[in-house]
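Step one of this worksheet: look at the structure below.
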Amino acid sequence: MGISLADYRRSIPLLLAFIFGLLYAFEWYVDIRIGDFSLSSFLEKEMLRYFNAMYSIAIGIGAINIFRIHYRTVSRRRPYWEFSLLVLILIPVMAIISTLGGRYAIDPKGEVIPKAVYDFFNPIWNVLYWKVMSIINVMMFALLGFFIISAGYRAFRARNLDSAILLLAGILVVMGQAPVNAAVWPGFETIKNWLMDVPNVAGRRGIILGAAIGGLAYGVRVIFAYERRPTLAGGE
């Protein structure tokens with residue numbers, strides 16, 4: 001009985017996940033040396049190149065997906081389709097200008113592409129990046145501040161003992177961080193430093209440790225094909 005295409009689609013991703021998962025584990029935890037050859041150093045350098053290539057491909061796939069989503073919005077005249085049209089225009093425009101005249105231009109010295117091309121696009125890139133995109137980023141962070149204040153108001157209401165402790169700790173940290181704290185009472189800064197260095201660090205380390213153990217368990221499940229969805233070998 002022959003092997004169908006569906007079997008290859010299931011088995012090849014699982015095999016690749018198994019091989020590269022073990023190689024990644026070897027690179028981190030096992031250093032096999034044969035003379036001057038170090039398997040760990042070799043895998044670290046070689047796999048880093050493959051990972052960079054995968055990141056680049058992922059960015060390209062993400063850009064294609066963005067184009068598909070916004071193209072559907074424009075073609076079907078969904079609400080606010082004008083903003084989608086703006087996205088479809090500006091993404092390729094900014095990509096071309098960044099490639100020819102941005103901070104990491106493909107040929108800023110003019111060794112292959114004429115230097116006049118870089119000199120022409122570089123001022124345009126500076127305006128779009130520093131005068132448009134940077135300002136928009138600052139505005140987005142400023143808007144997030146209002147959402148943080150709103151979330152903080154809901155989180156710091158003393159409904160029970162736990163929320164009351166959280167409210168008290170938050171007030172003490174804010175008072176210790178505020179410039180006026182020394183004029184009110186110098187002890188606020190000492191309390192703030194203790195809260196940030198002891199309970200805060202302990203809780204953060206517990207969260208990071210739990211996430212690391214969960215990530216390790218998930219990686220083992222992927223390597224040994226118990227978790228098939230990331231490899232597209234099973235599920236949707």
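Please note that chains go A, B, ... in the order of the structure tokens, that every chain numbers its residues from 1, and that ligands are numbered from 1 in the order shown.
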Shell around region 45-52 of chain A at 9 Å using only C-alpha atoms, local window under 4 positions removed, as a VMD selection string:
chain A and resid 20 23 to 24 40 to 41 56 to 57
Selection near Ile124 (chain A), 9 Å with only C-alpha atoms, sequence-local residues under 6 positions removed, as a PyMOL selection string
chain A and resi 97+101-102
Give me, as a PyMOL selection string, the residues of region 9-213 of chain A that a backbone DSSP run labels strand (DSSP E or B).
chain A and resi 33-34+37-38
Go ahead and write the selection's residues with N, CA and C atoms as a compact mmCIF listing (two decimals), in the first residue's frame.
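What follows is the written file part-v3.txt:
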```
# COMPACT_ATOMS: atom_id res chain seq x y z
N ARG A 33 32.59 17.42 21.77
CA ARG A 33 33.82 17.90 21.14
C ARG A 33 34.58 16.75 20.50
N ILE A 34 35.03 16.98 19.27
CA ILE A 34 35.92 16.05 18.56
C ILE A 34 37.11 16.86 18.10
N PHE A 37 36.74 20.61 17.01
CA PHE A 37 35.36 20.80 16.58
C PHE A 37 34.42 20.72 17.77
N SER A 38 33.57 21.73 17.93
CA SER A 38 32.58 21.78 19.00
C SER A 38 31.19 21.75 18.40
```
